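First the structure, in the form of structure tokens, and then the observations on it.
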Amino acid sequence: MFIKEEDNRLFLQHGPINIVLEAFGIDKNLAYRNVKKYFETILDQLVLDLALLKKEVVLNRKFNNKISQSMQDATERFTPTFITPMAAVAGSIADNILRVLINDTNLEKAYVNNGGDVSFYLNENQTIKSSLAAVPNMIAEIKYKDKSRGIATSGWRGKSFSRGIADSVTVLAENAAMADAAATMIGNAVDIYNHPKIKKRPANEIYEDSDLENLLITVEVGNLTKFEIKEALKNGYQTALQYVQKDLINTALIQLSEFFCIVQKNSTDLNIINKSNLKEITYN
């Protein structure tokens, strides 16, 4: 376990959990002490539920552990499509560390970044900005009045398995757990089925204990034509648009090769943009 405070930020690492967090306000030191104490037991408690968390979601399942329950609550909203609570693990950890950080403290704003999945708190009149590495000059700016309090990114090139071919899918939602689950599901949908340039293997051949068991996950994507890229993006767009219309998420940014699209409440038609033509864009 690694816990370090530096440059007003708190760094926490234990097993696969890698946290950077920062709080602003008069109770920052109290907030950091509370988080340090909570973090000492966070992974041990989660491991107790791991067997069930790796199984396909069953509606209304209850867990005693708050992180496990957060994973369950987020992912069951995406059924009946196959999903396990593990699709929301990173976001749920970020959300629950933020919960401890802000509990009974006077803070202006705070964020918890768990390997790129971010949960944040804003007091009135506060704003937070986050650059999005997948697309240059793309900035998420969230204000107090906005509904989003979580950002998450998924893709086949990342540390987690993906059934699709998106280089990245970044989602803004009501919390990081919902964003995490949605990014996973949208990333799975960005695909061209049975394409000879897309190589897939059963997940449990690569990692024996994978929650995806023998489902095929992407291991290689060859050079695709512009038409094929747009076809894959369209599939992801349609899934993301359904989630926006159902109020599961607020915004999605889907990127494949040099192209991307943005899905928001006011989305009416698929608009695919070449990154080379991009000027600075903000979205919330």
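We name chains A, B, ... following the order of the structure tokens; residues begin at 1 in each chain, and ligands are numbered from 1 as shown.
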
Name the residues in contact with A:Glu108 at a cut-off of 7 Å, using only C-alpha atoms, excluding same-chain residues fewer than 3 positions from it; report them as a compact mmCIF listing (two decimals) with N, CA and C atoms, in the first residue's frame.
# COMPACT_ATOMS: atom_id res chain seq x y z
N PHE A 24 -10.25 21.25 -2.20
CA PHE A 24 -10.06 22.68 -2.04
C PHE A 24 -11.04 23.18 -0.97
N GLY A 25 -10.54 23.84 0.06
CA GLY A 25 -11.41 24.35 1.11
C GLY A 25 -10.76 24.25 2.48
N LEU A 122 -18.64 19.67 -6.51
CA LEU A 122 -18.63 21.11 -6.72
C LEU A 122 -19.60 21.78 -5.76
N ASN A 123 -19.11 22.77 -5.04
CA ASN A 123 -19.98 23.63 -4.27
C ASN A 123 -20.55 24.70 -5.20

For A:Ala240, please output as a VMD selection string all residues within 7 Å (counting only C-alpha atoms; exclusion window: fewer than 5 positions along the same chain).
chain A and resid 186 252 263

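Closest approach to A:Asn194 among A:Ala140, A:Leu53, A:Leu216, A:Ile26 is made by A:Leu216 (distances from only C-alpha atoms).
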
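Taking the backbone of this structure through DSSP, the residues of stretch 177-228 of chain A that come out as strand (DSSP E or B) are Ile198, Lys199, Lys200, Arg201, Pro202, Leu216, Ile217, Thr218, Val219, Glu220 and Val221 of chain A.
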
Could those residues be written to a file, using all heavy atoms, as a compact mmCIF listing (two decimals), in the first residue's frame?
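Result went into part-v3.txt, see below:
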# COMPACT_ATOMS: atom_id res chain seq x y z
N ILE A 198 -9.98 -7.43 -37.83
CA ILE A 198 -10.19 -7.29 -36.39
C ILE A 198 -10.01 -8.66 -35.75
O ILE A 198 -10.75 -9.59 -36.03
CB ILE A 198 -11.60 -6.73 -36.09
CG1 ILE A 198 -11.76 -5.35 -36.73
CG2 ILE A 198 -11.82 -6.65 -34.58
CD1 ILE A 198 -13.19 -4.82 -36.67
N LYS A 199 -9.02 -8.78 -34.90
CA LYS A 199 -8.71 -10.05 -34.25
C LYS A 199 -9.26 -10.05 -32.83
O LYS A 199 -9.07 -9.09 -32.07
CB LYS A 199 -7.20 -10.28 -34.22
CG LYS A 199 -6.55 -10.28 -35.60
CD LYS A 199 -6.93 -11.51 -36.38
CE LYS A 199 -6.08 -11.64 -37.64
NZ LYS A 199 -6.57 -10.87 -38.77
N LYS A 200 -9.93 -11.17 -32.48
CA LYS A 200 -10.50 -11.30 -31.14
C LYS A 200 -10.17 -12.68 -30.57
O LYS A 200 -9.98 -13.65 -31.32
CB LYS A 200 -12.02 -11.09 -31.17
CG LYS A 200 -12.42 -9.70 -31.65
CD LYS A 200 -13.90 -9.44 -31.45
CE LYS A 200 -14.26 -8.03 -31.91
NZ LYS A 200 -15.64 -7.64 -31.58
N ARG A 201 -10.12 -12.74 -29.24
CA ARG A 201 -9.87 -14.01 -28.55
C ARG A 201 -10.76 -14.10 -27.33
O ARG A 201 -11.17 -13.06 -26.77
CB ARG A 201 -8.40 -14.11 -28.11
CG ARG A 201 -7.40 -14.28 -29.24
CD ARG A 201 -6.00 -14.27 -28.72
NE ARG A 201 -5.77 -15.31 -27.70
CZ ARG A 201 -4.68 -15.36 -26.93
NH1 ARG A 201 -3.74 -14.44 -27.05
NH2 ARG A 201 -4.55 -16.33 -26.05
N PRO A 202 -11.09 -15.31 -26.88
CA PRO A 202 -11.86 -15.44 -25.63
C PRO A 202 -11.12 -14.77 -24.47
O PRO A 202 -9.90 -14.93 -24.33
CB PRO A 202 -11.97 -16.95 -25.44
CG PRO A 202 -11.81 -17.51 -26.81
CD PRO A 202 -10.85 -16.61 -27.52
N LEU A 216 -15.62 -13.00 -26.60
CA LEU A 216 -14.51 -12.55 -27.42
C LEU A 216 -14.17 -11.09 -27.12
O LEU A 216 -15.06 -10.22 -27.08
CB LEU A 216 -14.86 -12.69 -28.90
CG LEU A 216 -15.10 -14.12 -29.41
CD1 LEU A 216 -15.48 -14.09 -30.88
CD2 LEU A 216 -13.85 -14.98 -29.20
N ILE A 217 -12.87 -10.83 -26.93
CA ILE A 217 -12.41 -9.46 -26.71
C ILE A 217 -11.38 -9.10 -27.78
O ILE A 217 -10.70 -9.96 -28.32
CB ILE A 217 -11.86 -9.26 -25.28
CG1 ILE A 217 -10.70 -10.22 -25.00
CG2 ILE A 217 -12.96 -9.46 -24.25
CD1 ILE A 217 -9.35 -9.60 -25.11
N THR A 218 -11.28 -7.83 -28.06
CA THR A 218 -10.44 -7.35 -29.14
C THR A 218 -8.97 -7.37 -28.74
O THR A 218 -8.60 -6.87 -27.68
CB THR A 218 -10.84 -5.93 -29.55
OG1 THR A 218 -12.22 -5.94 -29.94
CG2 THR A 218 -10.01 -5.42 -30.71
N VAL A 219 -8.13 -7.93 -29.61
CA VAL A 219 -6.68 -7.97 -29.35
C VAL A 219 -5.88 -7.29 -30.45
O VAL A 219 -4.70 -6.98 -30.27
CB VAL A 219 -6.19 -9.42 -29.16
CG1 VAL A 219 -6.81 -10.04 -27.92
CG2 VAL A 219 -6.47 -10.27 -30.39
N GLU A 220 -6.50 -7.05 -31.60
CA GLU A 220 -5.78 -6.40 -32.71
C GLU A 220 -6.78 -5.77 -33.67
O GLU A 220 -7.81 -6.36 -33.99
CB GLU A 220 -4.91 -7.42 -33.45
CG GLU A 220 -4.08 -6.83 -34.58
CD GLU A 220 -3.27 -7.89 -35.30
OE1 GLU A 220 -2.99 -8.96 -34.69
OE2 GLU A 220 -2.92 -7.66 -36.47
N VAL A 221 -6.47 -4.56 -34.11
CA VAL A 221 -7.29 -3.88 -35.12
C VAL A 221 -6.37 -3.41 -36.23
O VAL A 221 -5.46 -2.61 -36.01
CB VAL A 221 -8.05 -2.67 -34.53
CG1 VAL A 221 -8.88 -1.98 -35.61
CG2 VAL A 221 -8.96 -3.12 -33.39

So which residues of stretch 3-172 of chain A fall under alpha helix (DSSP H) by DSSP, listed as an MDAnalysis selection string?
chainID A and resid 28:39 42:47 50:53 66:75 89:102

Need to verify the contact set: A:Leu48, 10 Å, only C-alpha atoms, exclusion of same-chain residues closer than 4 positions in sequence. Can you return it as a ChimeraX atom specification?
/A:43-44,52-53,65,68

What lies within 9 Å of A:His14 using only C-alpha atoms, ignoring chain neighbours under 6 positions off, as a ChimeraX atom specification?
/A:1-3,39-40,42-43

Would you output that residue set with all heavy atoms, as a compact mmCIF listing (two decimals), in the first residue's frame?
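Printed below is result-v9.txt as written:
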# COMPACT_ATOMS: atom_id res chain seq x y z
N MET A 1 0.85 -1.19 0.00
CA MET A 1 0.00 0.00 0.00
C MET A 1 0.88 1.25 0.00
O MET A 1 1.90 1.29 0.71
CB MET A 1 -0.93 0.01 1.22
CG MET A 1 -1.89 1.19 1.24
SD MET A 1 -2.94 1.20 2.70
CE MET A 1 -3.86 -0.31 2.47
N PHE A 2 0.48 2.25 -0.78
CA PHE A 2 1.25 3.48 -0.91
C PHE A 2 0.32 4.66 -0.67
O PHE A 2 -0.72 4.79 -1.32
CB PHE A 2 1.88 3.56 -2.29
CG PHE A 2 2.59 4.86 -2.57
CD1 PHE A 2 3.90 5.05 -2.16
CD2 PHE A 2 1.96 5.88 -3.27
CE1 PHE A 2 4.56 6.24 -2.43
CE2 PHE A 2 2.61 7.08 -3.55
CZ PHE A 2 3.92 7.25 -3.13
N ILE A 3 0.66 5.53 0.29
CA ILE A 3 -0.10 6.74 0.58
C ILE A 3 0.89 7.89 0.70
O ILE A 3 1.82 7.83 1.51
CB ILE A 3 -0.92 6.61 1.88
CG1 ILE A 3 -1.93 5.46 1.76
CG2 ILE A 3 -1.64 7.91 2.19
CD1 ILE A 3 -2.73 5.21 3.03
N PHE A 39 -9.00 4.28 3.24
CA PHE A 39 -8.28 3.57 2.19
C PHE A 39 -7.55 2.32 2.72
O PHE A 39 -7.29 1.39 1.97
CB PHE A 39 -7.28 4.51 1.52
CG PHE A 39 -6.69 3.96 0.25
CD1 PHE A 39 -7.47 3.83 -0.89
CD2 PHE A 39 -5.36 3.56 0.19
CE1 PHE A 39 -6.93 3.32 -2.07
CE2 PHE A 39 -4.82 3.05 -0.98
CZ PHE A 39 -5.61 2.94 -2.11
N GLU A 40 -7.23 2.31 4.00
CA GLU A 40 -6.50 1.18 4.58
C GLU A 40 -7.25 -0.14 4.45
O GLU A 40 -6.64 -1.22 4.42
CB GLU A 40 -6.18 1.46 6.05
CG GLU A 40 -5.15 2.57 6.23
CD GLU A 40 -4.92 2.89 7.70
OE1 GLU A 40 -5.62 2.31 8.55
OE2 GLU A 40 -4.04 3.73 7.99
N ILE A 42 -10.00 -0.58 2.10
CA ILE A 42 -10.90 -0.54 0.94
C ILE A 42 -10.81 -1.81 0.09
O ILE A 42 -11.83 -2.37 -0.31
CB ILE A 42 -10.60 0.73 0.09
CG1 ILE A 42 -11.67 0.90 -0.99
CG2 ILE A 42 -9.21 0.70 -0.51
CD1 ILE A 42 -11.57 2.23 -1.72
N LEU A 43 -9.61 -2.30 -0.18
CA LEU A 43 -9.47 -3.44 -1.07
C LEU A 43 -9.85 -4.74 -0.38
O LEU A 43 -10.46 -5.63 -0.99
CB LEU A 43 -8.04 -3.52 -1.60
CG LEU A 43 -7.81 -4.44 -2.82
CD1 LEU A 43 -8.73 -4.04 -3.97
CD2 LEU A 43 -6.36 -4.38 -3.26

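Every protein or nucleic acid residue with an atom no more than 9 Å from stretch 243-251 of chain A, counting only C-alpha atoms and leaving out same-chain residues fewer than 5 positions away, appears here: A:Arg77, A:Phe78, A:Lys147, A:Ser148, A:Thr170, A:Val171, A:Leu172, A:Ala173, A:Glu174, A:Met178, A:Ala179, A:Ala182, A:Gln238, A:Ile262, A:Val263, A:Gln264, A:Lys265, A:Tyr283, A:Asn284.
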
Residues at most 7 Å from A:Ile67, counting only C-alpha atoms, excluding those fewer than 6 positions away in the same chain, as a ChimeraX atom specification?
/A:92-93,96

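Among A:Arg149, A:Arg61, A:Arg163, A:Lys143, the residue with the shortest atom-to-atom distance to A:Met185, counting only C-alpha atoms, is A:Arg163.
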